[in-house]
Every structure is written in structure tokens, then in C-alpha cells.
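Shown next: input_6.cif, containing mmCIF, C-alpha atoms.
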```cif
data_start
#
loop_
_atom_site.label_atom_id
_atom_site.label_comp_id
_atom_site.auth_asym_id
_atom_site.auth_seq_id
_atom_site.Cartn_x
_atom_site.Cartn_y
_atom_site.Cartn_z
CA MET A 1 0.00 0.00 0.00
CA SER A 2 1.38 3.38 -0.98
CA HIS A 3 2.09 6.22 1.41
CA GLU A 4 -1.04 8.14 0.35
CA PRO A 5 -3.57 5.35 1.13
CA ARG A 6 -1.88 4.77 4.50
CA ASN A 7 -2.35 8.42 5.35
CA ARG A 8 -5.96 8.23 4.21
CA LEU A 9 -6.65 5.27 6.50
CA ARG A 10 -5.09 7.09 9.43
CA GLU A 11 -7.14 10.22 8.75
CA LEU A 12 -10.35 8.20 8.52
CA ARG A 13 -9.66 6.35 11.75
CA ARG A 14 -8.91 9.58 13.58
CA ALA A 15 -12.03 11.28 12.22
CA PHE A 16 -14.19 8.45 13.56
CA HIS A 17 -12.27 8.50 16.85
CA ARG A 18 -13.06 12.18 17.44
CA TYR A 19 -16.82 11.71 17.28
CA PRO A 20 -17.77 8.51 19.13
CA GLU A 21 -21.46 7.67 19.45
CA PRO A 22 -23.13 4.91 21.51
CA GLY A 23 -25.39 2.16 20.18
CA TRP A 24 -28.35 3.18 18.00
CA ARG A 25 -27.19 6.81 18.24
CA GLU A 26 -24.42 6.60 15.59
CA PHE A 27 -25.98 9.31 13.40
CA LYS A 28 -22.85 11.26 12.55
CA THR A 29 -20.85 8.05 12.17
CA THR A 30 -23.43 6.61 9.78
CA ALA A 31 -23.40 9.86 7.80
CA ARG A 32 -19.62 9.84 7.47
CA VAL A 33 -19.70 6.22 6.29
CA VAL A 34 -22.35 7.11 3.70
CA GLU A 35 -20.32 10.08 2.45
CA GLU A 36 -17.22 7.91 2.08
CA LEU A 37 -19.16 5.22 0.24
CA GLU A 38 -20.62 7.82 -2.12
CA ARG A 39 -17.11 9.10 -2.78
CA ILE A 40 -15.83 5.60 -3.50
CA GLY A 41 -18.86 4.73 -5.61
CA VAL A 42 -20.76 1.55 -4.75
CA ASP A 43 -23.61 -0.08 -6.63
CA GLU A 44 -26.15 -0.14 -3.81
CA LEU A 45 -26.38 1.65 -0.51
CA ALA A 46 -28.92 0.68 2.17
CA VAL A 47 -29.13 3.10 5.08
CA GLY A 48 -30.95 2.74 8.38
CA ARG A 49 -34.35 1.09 8.03
CA GLU A 50 -33.35 -0.27 4.62
CA ALA A 51 -30.48 -2.25 6.15
CA LEU A 52 -32.18 -3.60 9.29
CA ALA A 53 -35.19 -5.52 10.52
CA THR A 54 -36.78 -2.90 12.77
CA ASP A 55 -38.63 -5.35 14.99
CA GLN A 56 -35.44 -7.34 15.67
CA ARG A 57 -33.49 -4.44 17.19
CA MET A 58 -32.56 -4.88 20.85
CA ALA A 59 -31.55 -2.42 23.57
CA VAL A 60 -32.98 0.54 21.64
CA PRO A 61 -32.81 3.78 23.67
CA SER A 62 -35.91 5.82 24.41
CA ALA A 63 -36.87 8.80 22.29
CA SER A 64 -35.59 11.14 25.00
CA GLU A 65 -32.22 9.39 24.95
CA LEU A 66 -32.00 9.50 21.14
CA GLU A 67 -32.97 13.14 20.66
CA PRO A 68 -29.81 14.83 22.02
CA TRP A 69 -27.70 12.76 19.63
CA VAL A 70 -29.96 13.60 16.69
CA GLU A 71 -29.67 17.29 17.55
CA ARG A 72 -25.90 17.02 17.95
CA ALA A 73 -25.66 15.39 14.51
CA ARG A 74 -27.89 18.07 12.99
CA GLU A 75 -25.74 20.83 14.49
CA ALA A 76 -22.65 19.09 13.09
CA GLY A 77 -24.09 19.39 9.59
CA VAL A 78 -25.33 15.84 8.98
CA ARG A 79 -27.52 15.85 5.90
CA SER A 80 -31.27 15.91 6.45
CA ASP A 81 -31.85 12.94 4.13
CA ILE A 82 -29.52 10.77 6.24
CA LEU A 83 -31.16 11.92 9.48
CA GLU A 84 -34.52 11.00 7.96
CA ARG A 85 -33.34 7.52 6.96
CA THR A 86 -31.83 6.91 10.41
CA ALA A 87 -34.77 8.32 12.37
CA ASP A 88 -35.78 6.64 15.63
CA GLY A 89 -32.34 5.13 16.06
CA HIS A 90 -32.17 3.25 12.77
CA THR A 91 -28.43 3.66 12.30
CA GLY A 92 -26.23 1.39 10.19
CA VAL A 93 -25.37 0.86 6.54
CA VAL A 94 -25.01 -1.97 4.04
CA ALA A 95 -22.85 -1.27 0.98
CA VAL A 96 -22.96 -3.50 -2.13
CA LEU A 97 -20.28 -3.63 -4.80
CA GLU A 98 -21.06 -5.65 -7.95
CA GLN A 99 -18.09 -6.84 -9.98
CA GLY A 100 -19.31 -9.56 -12.30
CA MET A 101 -20.00 -13.24 -11.82
CA GLY A 102 -18.70 -14.90 -8.72
CA PRO A 103 -19.59 -15.62 -5.09
CA CYS A 104 -20.96 -13.10 -2.62
CA VAL A 105 -18.39 -12.12 -0.01
CA GLY A 106 -19.52 -10.28 3.10
CA LEU A 107 -17.59 -8.15 5.57
CA ARG A 108 -18.99 -6.98 8.88
CA VAL A 109 -17.65 -4.13 11.05
CA ASP A 110 -19.17 -2.20 13.97
CA LEU A 111 -20.02 1.49 14.41
CA ASP A 112 -20.56 2.22 18.08
CA ALA A 113 -18.45 3.52 20.93
CA ILE A 114 -18.36 3.00 24.69
CA SER A 115 -19.68 5.09 27.58
CA MET A 116 -16.29 6.10 28.97
CA ARG A 117 -14.43 9.37 29.41
CA GLU A 118 -11.25 9.42 27.35
CA SER A 119 -7.96 10.26 29.04
CA THR A 120 -6.50 13.76 28.75
CA ASP A 121 -2.99 12.59 29.66
CA ARG A 122 -0.28 14.08 27.49
CA ASP A 123 1.19 10.66 26.80
CA HIS A 124 -2.17 9.46 25.41
CA ARG A 125 -1.68 9.94 21.68
CA PRO A 126 -5.23 10.99 20.73
CA ALA A 127 -5.00 13.76 23.36
CA ALA A 128 -1.46 14.75 22.36
CA GLU A 129 -2.17 14.80 18.62
CA GLY A 130 -5.58 16.43 18.65
CA PHE A 131 -8.05 13.65 17.88
CA ARG A 132 -9.32 12.85 21.37
CA SER A 133 -13.07 12.33 21.72
CA GLU A 134 -15.12 15.53 21.41
CA HIS A 135 -18.15 13.79 22.92
CA ASP A 136 -17.24 13.87 26.59
CA GLY A 137 -18.12 10.65 28.39
CA TYR A 138 -17.83 8.52 25.26
CA MET A 139 -14.86 7.12 23.39
CA HIS A 140 -13.73 4.52 20.90
CA ALA A 141 -12.05 2.32 23.48
CA CYS A 142 -12.40 -0.96 21.58
CA GLY A 143 -11.10 -0.22 18.08
CA HIS A 144 -14.34 0.22 16.17
CA ASP A 145 -12.91 3.41 14.64
CA ALA A 146 -10.11 1.27 13.19
CA HIS A 147 -12.62 -1.31 11.94
CA LEU A 148 -14.49 1.39 10.01
CA ALA A 149 -11.33 2.71 8.37
CA ILE A 150 -10.26 -0.84 7.42
CA ALA A 151 -13.67 -1.63 5.90
CA LEU A 152 -13.76 1.54 3.80
CA GLY A 153 -10.19 0.95 2.70
CA THR A 154 -11.07 -2.61 1.70
CA ILE A 155 -13.99 -1.49 -0.47
CA GLU A 156 -11.79 1.03 -2.22
CA ALA A 157 -9.02 -1.54 -2.74
CA LEU A 158 -11.43 -4.10 -4.22
CA LYS A 159 -13.18 -1.69 -6.56
CA ASP A 160 -10.15 -1.56 -8.86
CA SER A 161 -8.89 -5.10 -8.35
CA ALA A 162 -9.19 -8.63 -9.70
CA PHE A 163 -12.15 -9.30 -7.40
CA GLU A 164 -14.98 -11.00 -9.29
CA GLY A 165 -18.36 -11.30 -7.63
CA THR A 166 -20.40 -9.33 -5.12
CA LEU A 167 -19.06 -7.62 -2.02
CA LYS A 168 -21.44 -6.72 0.79
CA VAL A 169 -20.14 -4.71 3.72
CA PHE A 170 -22.26 -4.55 6.87
CA PHE A 171 -21.64 -1.46 9.03
CA GLN A 172 -23.48 -2.68 12.12
CA PRO A 173 -24.73 -0.47 14.94
CA ALA A 174 -25.01 -1.26 18.65
CA GLU A 175 -22.43 -4.05 19.00
CA GLU A 176 -21.33 -2.97 22.48
CA ILE A 177 -24.87 -3.47 23.78
CA SER A 178 -25.48 -6.59 21.65
CA GLY A 179 -28.43 -4.83 20.06
CA GLY A 180 -27.70 -4.66 16.34
CA GLY A 181 -26.44 -8.05 15.19
CA LYS A 182 -29.79 -9.80 15.10
CA ALA A 183 -31.49 -6.87 13.38
CA MET A 184 -28.84 -6.81 10.65
CA ALA A 185 -28.93 -10.60 10.29
CA GLU A 186 -32.69 -10.38 9.72
CA GLY A 187 -32.47 -7.43 7.34
CA GLY A 188 -32.25 -9.58 4.20
CA TYR A 189 -28.88 -8.55 2.83
CA ILE A 190 -27.01 -11.42 4.48
CA ASP A 191 -29.18 -14.14 2.98
CA ASP A 192 -27.14 -14.70 -0.22
CA VAL A 193 -23.68 -14.25 1.33
CA ASP A 194 -21.43 -17.23 0.60
CA TYR A 195 -18.47 -16.15 2.73
CA LEU A 196 -18.59 -13.78 5.70
CA LEU A 197 -15.52 -12.13 7.20
CA ALA A 198 -15.72 -10.30 10.52
CA ILE A 199 -12.77 -8.50 12.11
CA HIS A 200 -11.50 -7.13 15.37
CA VAL A 201 -8.22 -5.41 16.08
CA GLY A 202 -5.94 -6.14 19.01
CA LEU A 203 -7.35 -8.19 21.86
CA ASP A 204 -3.79 -8.72 23.10
CA HIS A 205 -2.46 -9.75 19.69
CA PRO A 206 0.37 -7.42 18.59
CA THR A 207 0.86 -5.61 15.30
CA GLY A 208 1.96 -8.10 12.66
CA GLU A 209 0.03 -11.03 14.11
CA ILE A 210 -3.13 -12.44 12.55
CA VAL A 211 -5.58 -14.90 14.08
CA ALA A 212 -7.30 -16.49 11.09
CA GLY A 213 -10.48 -17.42 12.94
CA VAL A 214 -11.51 -17.39 16.58
CA GLU A 215 -13.35 -20.10 18.45
CA LYS A 216 -15.46 -20.20 21.60
CA PRO A 217 -17.03 -16.76 21.71
CA LEU A 218 -19.21 -16.82 24.81
CA ALA A 219 -22.95 -16.75 24.27
CA MET A 220 -24.28 -13.78 26.24
CA ALA A 221 -27.41 -11.98 27.40
CA HIS A 222 -27.79 -8.51 28.95
CA LEU A 223 -30.73 -8.14 31.34
CA THR A 224 -32.39 -5.54 33.48
CA ALA A 225 -34.74 -6.21 36.37
CA THR A 226 -36.94 -3.69 38.17
CA PHE A 227 -38.15 -4.52 41.67
CA GLU A 228 -41.32 -2.73 42.82
CA GLY A 229 -42.40 -2.64 46.43
CA ALA A 230 -44.07 -0.07 48.71
CA SER A 231 -42.50 2.89 50.43
CA ALA A 232 -42.79 3.61 54.15
CA HIS A 233 -41.06 5.62 56.86
CA ALA A 234 -37.87 3.73 57.71
CA GLY A 235 -37.95 4.83 61.35
CA LYS A 236 -41.62 5.10 62.24
CA ALA A 237 -43.20 2.20 60.32
CA PRO A 238 -40.73 0.10 58.35
CA ASN A 239 -43.08 -2.88 58.64
CA GLU A 240 -45.59 -1.09 56.42
CA GLY A 241 -43.23 -1.08 53.47
CA ALA A 242 -42.20 -3.70 50.92
CA ASN A 243 -38.49 -3.15 50.55
CA ALA A 244 -37.36 -3.22 46.92
CA MET A 245 -33.79 -2.56 48.05
CA GLN A 246 -33.78 -5.74 50.13
CA ALA A 247 -35.26 -7.69 47.24
CA ALA A 248 -32.57 -6.43 44.88
CA ALA A 249 -29.80 -7.12 47.41
CA THR A 250 -31.07 -10.66 47.94
CA ALA A 251 -31.21 -11.24 44.19
CA ILE A 252 -27.67 -9.94 43.70
CA GLN A 253 -26.26 -12.10 46.46
CA ASN A 254 -28.06 -15.22 45.25
CA ALA A 255 -27.18 -14.63 41.60
CA TYR A 256 -23.57 -15.41 42.42
CA GLY A 257 -24.71 -18.66 44.00
CA ILE A 258 -26.12 -20.05 40.75
CA PRO A 259 -24.47 -23.48 40.36
CA ARG A 260 -21.77 -23.84 37.75
CA HIS A 261 -22.59 -26.38 35.04
CA SER A 262 -20.80 -29.66 34.31
CA ASP A 263 -21.09 -29.10 30.54
CA GLY A 264 -18.84 -26.04 30.51
CA MET A 265 -18.08 -22.50 31.60
CA THR A 266 -20.75 -20.07 32.73
CA ARG A 267 -20.61 -16.48 33.96
CA VAL A 268 -22.99 -14.16 35.81
CA ASN A 269 -22.50 -10.59 36.92
CA VAL A 270 -24.63 -7.76 38.28
CA GLY A 271 -22.84 -4.58 37.30
CA ARG A 272 -25.21 -1.77 38.20
CA ILE A 273 -27.94 -0.96 40.73
CA GLU A 274 -30.09 2.15 40.95
CA GLY A 275 -33.06 3.14 43.07
CA GLY A 276 -34.43 4.44 46.30
CA THR A 277 -35.03 8.03 47.31
CA ALA A 278 -33.56 8.71 50.76
CA SER A 279 -31.93 6.98 53.73
CA ASN A 280 -35.11 7.27 55.80
CA VAL A 281 -37.49 5.87 53.16
CA ILE A 282 -38.11 2.20 52.43
CA ALA A 283 -37.18 1.90 48.77
CA GLU A 284 -40.18 1.48 46.50
CA GLU A 285 -38.36 0.84 43.23
CA VAL A 286 -34.87 -0.48 42.46
CA SER A 287 -33.41 -1.59 39.14
CA ILE A 288 -30.36 -3.72 38.43
CA GLU A 289 -28.40 -4.46 35.26
CA ALA A 290 -26.86 -7.89 34.82
CA GLU A 291 -25.36 -10.21 32.27
CA VAL A 292 -24.95 -13.94 31.83
CA ARG A 293 -22.54 -15.81 29.57
CA GLY A 294 -21.98 -19.41 28.62
CA GLU A 295 -19.46 -21.47 26.73
CA THR A 296 -22.37 -22.59 24.54
CA THR A 297 -25.72 -21.03 23.73
CA ALA A 298 -27.41 -23.71 25.83
CA LEU A 299 -25.21 -22.91 28.83
CA MET A 300 -26.01 -19.21 28.52
CA GLU A 301 -29.72 -20.03 28.40
CA TYR A 302 -29.35 -22.24 31.49
CA THR A 303 -27.68 -19.40 33.40
CA ARG A 304 -30.26 -16.86 32.22
CA THR A 305 -33.12 -19.12 33.33
CA GLU A 306 -31.50 -19.61 36.72
CA LEU A 307 -30.95 -15.87 37.13
CA GLU A 308 -34.60 -15.18 36.34
CA ARG A 309 -35.61 -17.81 38.92
CA VAL A 310 -33.43 -16.03 41.49
CA LEU A 311 -35.00 -12.67 40.64
CA TYR A 312 -38.56 -13.94 41.09
CA ALA A 313 -37.70 -15.76 44.34
CA ALA A 314 -36.05 -12.66 45.82
CA ALA A 315 -39.04 -10.51 44.92
CA GLU A 316 -41.46 -12.98 46.50
CA MET A 317 -39.36 -13.20 49.66
CA HIS A 318 -39.70 -9.45 50.24
CA ASP A 319 -43.31 -9.08 49.04
CA CYS A 320 -42.27 -7.21 45.88
CA ASP A 321 -42.88 -7.58 42.18
CA VAL A 322 -40.09 -7.87 39.64
CA THR A 323 -39.97 -7.35 35.88
CA PRO A 324 -36.91 -8.86 34.19
CA ARG A 325 -36.19 -7.91 30.59
CA VAL A 326 -33.56 -9.16 28.14
CA LEU A 327 -31.99 -6.14 26.43
CA GLY A 328 -29.60 -7.90 24.10
CA GLU A 329 -28.08 -11.29 23.49
CA SER A 330 -25.86 -13.27 21.16
CA PRO A 331 -25.33 -16.99 20.47
CA ARG A 332 -22.05 -18.88 20.20
CA VAL A 333 -20.81 -19.52 16.65
CA ASP A 334 -17.28 -20.65 15.78
CA SER A 335 -15.22 -19.72 12.74
CA HIS A 336 -15.38 -22.38 10.02
CA PRO A 337 -12.09 -24.32 9.73
CA ALA A 338 -12.01 -24.28 5.91
CA LEU A 339 -12.37 -20.50 5.66
CA ARG A 340 -10.03 -20.02 8.60
CA ASP A 341 -7.34 -22.05 6.81
CA LEU A 342 -7.72 -20.03 3.61
CA ILE A 343 -7.39 -16.76 5.51
CA GLY A 344 -4.28 -18.06 7.24
CA ASN A 345 -2.66 -18.94 3.92
CA VAL A 346 -3.45 -15.50 2.50
CA ALA A 347 -2.13 -13.79 5.63
CA TRP A 348 1.38 -15.19 5.18
CA GLU A 349 1.63 -13.25 1.90
CA VAL A 350 0.55 -9.89 3.36
CA GLU A 351 3.26 -7.30 3.90
CA GLY A 352 3.76 -6.59 7.59
CA VAL A 353 2.43 -9.95 8.82
CA GLU A 354 5.03 -11.69 10.96
CA ARG A 355 2.98 -14.42 12.62
CA VAL A 356 -0.21 -16.27 11.74
CA VAL A 357 -2.15 -18.05 14.48
CA PRO A 358 -4.66 -20.51 12.99
CA THR A 359 -7.18 -20.13 15.80
CA ALA A 360 -7.59 -18.86 19.36
CA ASP A 361 -10.29 -18.88 22.00
CA PHE A 362 -12.17 -15.59 21.96
CA GLY A 363 -13.26 -15.64 25.59
CA ALA A 364 -15.61 -12.66 25.19
CA SER A 365 -18.94 -12.15 23.40
CA GLU A 366 -19.91 -10.61 20.05
CA ASP A 367 -23.28 -10.29 18.34
CA VAL A 368 -21.73 -10.75 14.88
CA THR A 369 -22.47 -14.39 15.69
CA TYR A 370 -26.06 -13.76 14.52
CA LEU A 371 -24.74 -12.96 11.03
CA MET A 372 -22.23 -15.81 11.13
CA LYS A 373 -24.95 -18.27 12.09
CA ARG A 374 -27.23 -17.02 9.33
CA VAL A 375 -24.52 -17.55 6.72
CA GLN A 376 -23.44 -20.96 8.01
CA ASP A 377 -27.03 -22.18 8.40
CA GLY A 378 -27.47 -21.29 4.72
CA GLY A 379 -24.51 -23.40 3.67
CA GLY A 380 -21.91 -20.63 3.57
CA LEU A 381 -18.73 -20.14 5.58
CA ALA A 382 -17.88 -17.47 8.16
CA SER A 383 -14.78 -16.54 10.12
CA TYR A 384 -14.04 -13.96 12.80
CA VAL A 385 -10.52 -12.65 12.18
CA LEU A 386 -8.25 -10.84 14.62
CA VAL A 387 -5.90 -8.25 13.13
CA GLY A 388 -3.19 -7.69 15.70
CA THR A 389 -2.42 -4.18 16.85
CA ASP A 390 -0.19 -2.85 19.60
CA HIS A 391 -2.39 -1.15 22.20
CA PRO A 392 -0.78 0.57 25.19
CA THR A 393 -3.57 -0.38 27.58
CA SER A 394 -6.40 -2.88 27.50
CA HIS A 395 -9.62 -2.50 25.55
CA HIS A 396 -12.35 -0.57 27.39
CA THR A 397 -9.90 1.67 29.24
CA PRO A 398 -9.56 5.49 29.03
CA THR A 399 -6.09 5.26 27.46
CA PHE A 400 -6.84 2.63 24.81
CA ASP A 401 -5.29 3.34 21.40
CA VAL A 402 -4.26 1.35 18.33
CA ASP A 403 -1.12 1.12 16.21
CA GLU A 404 -2.20 2.68 12.93
CA GLU A 405 0.24 0.48 11.00
CA SER A 406 -2.28 -2.29 11.53
CA LEU A 407 -4.87 -0.48 9.38
CA GLY A 408 -3.00 -1.17 6.16
CA ILE A 409 -2.38 -4.77 7.19
CA GLY A 410 -6.12 -5.21 7.78
CA VAL A 411 -7.03 -3.79 4.37
CA ALA A 412 -4.49 -5.96 2.58
CA LEU A 413 -5.59 -9.11 4.42
CA LEU A 414 -9.31 -8.60 3.77
CA SER A 415 -8.98 -7.48 0.16
CA GLU A 416 -6.58 -10.30 -0.76
CA THR A 417 -8.82 -12.82 1.00
CA ALA A 418 -11.87 -11.52 -0.88
CA ILE A 419 -10.03 -11.80 -4.20
CA GLU A 420 -8.97 -15.36 -3.40
CA LEU A 421 -12.54 -16.27 -2.44
CA SER A 422 -13.96 -14.68 -5.59
CA HIS A 423 -12.13 -17.21 -7.71
CA ARG A 424 -13.66 -20.13 -5.80
CA ARG A 425 -17.13 -21.51 -5.43
CA PRO A 426 -18.79 -22.05 -2.03
#
```
Translate this structure into C-alpha cells?
Amino acid sequence: MSHEPRNRLRELRRAFHRYPEPGWREFKTTARVVEELERIGVDELAVGREALATDQRMAVPSASELEPWVERAREAGVRSDILERTADGHTGVVAVLEQGMGPCVGLRVDLDAISMRESTDRDHRPAAEGFRSEHDGYMHACGHDAHLAIALGTIEALKDSAFEGTLKVFFQPAEEISGGGKAMAEGGYIDDVDYLLAIHVGLDHPTGEIVAGVEKPLAMAHLTATFEGASAHAGKAPNEGANAMQAAATAIQNAYGIPRHSDGMTRVNVGRIEGGTASNVIAEEVSIEAEVRGETTALMEYTRTELERVLYAAAEMHDCDVTPRVLGESPRVDSHPALRDLIGNVAWEVEGVERVVPTADFGASEDVTYLMKRVQDGGGLASYVLVGTDHPTSHHTPTFDVDEESLGIGVALLSETAIELSHRRP
């Protein structure tokens, strides 16, 4: 890759980094992706509602939570036609490039950022070089800004290449809250994909290292539960209340007592609690946020069922009601060995690649598995690829950053893999 495209990839990544947006609120991000795709010139462009199954979206914010981000995008000059197409939190894009007869190759990347305040330390490069987040309290702390730059670079590289077939690139919203994968999988565009590539940068793999396809992503579900009781004076008549705080505390304590399973690894965590009004008032309403994970989809479902049983039992114990709700979830799907092997062979020929790891356990969760499952259930192949990048601190930390040399490696790997696939038949 020449010096000019490398600079372009860096500029794109930094532009996305400056304006992070959380799940289903990626209005400016979607608009920038659309503008870049229009500049490149693709054959079909589905935006917002056109790219998603509306009724399959999960963890969608309320209208009051969406509106400030719409207004921010409008003030930033986002085109009215894009705001109209992404209304009510319908962010996301599917780009289609038609280049003759051949298989349909898909690529999926994610749009959203994390609720986290980015570091202002002078040794944090985005702060030192002027591309730190301008949306205080949010940042690209997982590399999605790099994924976007790599995807756009790959489309541009393939447009004037030996690629023969159809390329579909899925710019998916709401990955961090596991809300967008199912909606995009049900949107129709994935149905004729023969080969699906998904990518992630880093994850403790250094620049120059490629993992051709991960295994064992944990199946996961995010839940909320609201306990409702009755308030009373905590000093004068505590017996007249139904203590939602006690119910929530009991549920939290007992959640960690859910038995492990002999079939494999399970996880449960309650990460947030909110409620009550004052120290002298029996709490009438308390909400918690929790997650469960499992080494398989069945193990996740076991843990979720057990957690719901704990929630109902705790509510009954303290004469309260509880309403649990699943906000987002994702199944387990492994990379296909045949596609993984092909990617590994291609990787050895990519400039800058020093080590190829055939496979590795993922150990986390990702809702791209909905798209992977859809493709593999239809007889196609899918692989989740890790493009190594040096990152000074871990993902989801205020000082996370990526080595921008990995952007060019990612583009070369994906474009060369797509070309190789286009000369095969699924």
C-alpha cells in the first residue's frame, strides 16, 4: 500500500475516533460512512431502516435518549436525508459492490463507541495529537474506529482489483450493547452471502500477528430487572413497606450462587444498581443491570433461566414484584475451519504480517455471531478474524489506542482474502 492510502486510512480512523457515538445513536458516524461510500462509488447503498429488521433491534434507547444525539448530529451538519433515513435510532449501513459473476463475499464491522471518558494525559496519543473524543463521556475504546477505516479501505481496494463477484459490507450499529447483530442478520442482505468475514483489532495480539479465525465466543445476554415494592417511613413504620432494596440485594447475592454447570463455563454478573429516594425511606423501586454468559448457547440459556428464577424468588421473599427484561443477546458460533485455513494462507503473503495463528479462543462475546450463524445455516462459511495491533492499555480503558500500522495490514488481508474467495465456489 502506498504512502497516500496509508495516510488516508489514518485520517479516517482519527475522524471516527473524534466523534464517538453509543449504540443506535451513531448518526454522525453513519453519515460519514455514507459520504465515504458515495465518494468511492458503490452499486447499492442501504441506510438505516433499509439495512435492518426494525422489529429485531434490541436495547434501543428511548426517544428522549435518542434526541440529544440527533440534535448534535444536525448541528454538526449531517444531511437531512440521512437523518430521515436513520430516524428513531435506525443507524447502520449496508454497501454493495457488484463486480461480475462470482460468489458473494460479506464483511462486517461495527459502528458504536463506549460510555467512557477518554484520558487527557499528554502521553495518550489521541490527546497529544488532537483527535481525542469531542463527545465527553464517550470514546472509541475498543477499536471500532479502526474497523471502520479498514472496511472503507477494503472497499476502495477491491473496486479496482481482480475481485470478481459481489461484495457486501455490513456497518453494524449497537455491537457494544449486543443490540444490532440480530437486526442486521434479519435485514435480508445477508441471505445470499457465501463467505462472511468479521474482524477485530488487538485483543492482546500485537501488530503483525493475525488470528485467522476465533473459536469459543461466549454466548451472552444482557438483562435488566426492576423490583417494585411499597414505600414507608424507615424509622416510624418500616413494617408497612415492601423493601425493593432488600429484594434487589437478595437477588444480587443469590445470583452469584447459581451453580456452575458440568457441561462447561458459565458467567454471571450484576454490574449496576439504581433506586431508592432517601436513607429514611423504604425503597419502593430499584433496578439492576446484569449479564450472563456461557461457553455454549445452551449454557447461557441455562444461566439466564437460573438468574430469572433467582429474581422472582427474591421478589417474592420481600413481598415485591419484579420485571426482568432481556436487552440484548448473542449466540455462540465458531469460525469455520475451511475458511479459517484459507485466511491463514493468504495472511502469510501480506506485507507486515510476521505471525499467523490458525485459531484462538475468543473468551468474550460478540453479536456478529447472529450474522455468522445465518450464513453458516445457509450453507456458507464465516470466520471472525483478529488483526493484531499494539495497544498501550487494554480495551475498554480510558487510554486505549491502536497502532495505525495495523490499518493497512487489515485492508491488505481482507482485500486479498476476498479476491482469493472470488475465484472459488462455495
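Shell of A:Ala278 at 12 Å, with all atoms listed in the file counted and residues fewer than 6 places along the chain excluded, is Ser231, Ala232, His233, Ala234, Met245, Glu284 and Glu285 of chain A.
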Can you tell me, as an MDAnalysis selection string, what residues are no more than 12 Å from A:Leu381 when counting all atoms listed in the file, ignoring any on the same chain fewer than 4 positions away? chainID A and resid 103:106 192:198 213 333:343 371:377 421 425:426
Where does the PyMOL selection byres ((chain A and resi 397) around 9) land in this file, that is, which residues does it pick, as a VMD selection string? chain A and resid 116 to 119 141 to 142 393 to 396 398 to 400
Contacts of stretch 157-166 of chain A within 10 Å, only C-alpha atoms, excl. fewer than 5 positions in-chain, as a PyMOL selection string: chain A and resi 1+5+40-43+96-106+151-152+192-194+411-412+414-424
May I have the residues within 7 Å of A:Val322 as a VMD selection string, using all atoms listed in the file and disregarding those fewer than 2 positions away in the same chain? chain A and resid 225 to 228 312 315 320 324
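Between A:Asp55 and the residues A:Leu107, A:Ala127, A:Ala183, A:Leu9, the shortest atom-to-atom distance, using only C-alpha atoms, involves A:Ala183.
Here the PyMOL selection byres ((chain A and resi 74-78) around 10) catches exactly these residues: Phe27, Lys28, Thr29, Thr30, Ala31, Arg32, Pro68, Trp69, Val70, Glu71, Arg72, Ala73, Arg79, Ser80, Asp81, Ile82 and Leu83 of chain A.
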Residues matched by the PyMOL selection byres ((chain A and resi 174) around 12) as a count of residues only: 43
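Counting all atoms listed in the file, the residue from A:Arg355, A:His318, A:His222, A:Arg325 that sits nearest to A:Arg293 is A:His222.
Interatomic distance, atom CA of A:Glu65 against atom CA of A:Val34: 23.5 Å.
If you look at atom CA of A:Thr224 and atom CA of A:Asp321, they are 13.8 Å away from each other.
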Test item: residues at most 12 Å from A:Arg8, only C-alpha atoms, excluding those fewer than 6 positions along its chain, as a PyMOL selection string: chain A and resi 1-2+14-15+36+149-150+152-153+156+404+407-408
Take atom CA of A:Ile409 and atom CA of A:Thr207 and report the distance between them in Å, one decimal. 8.8 Å
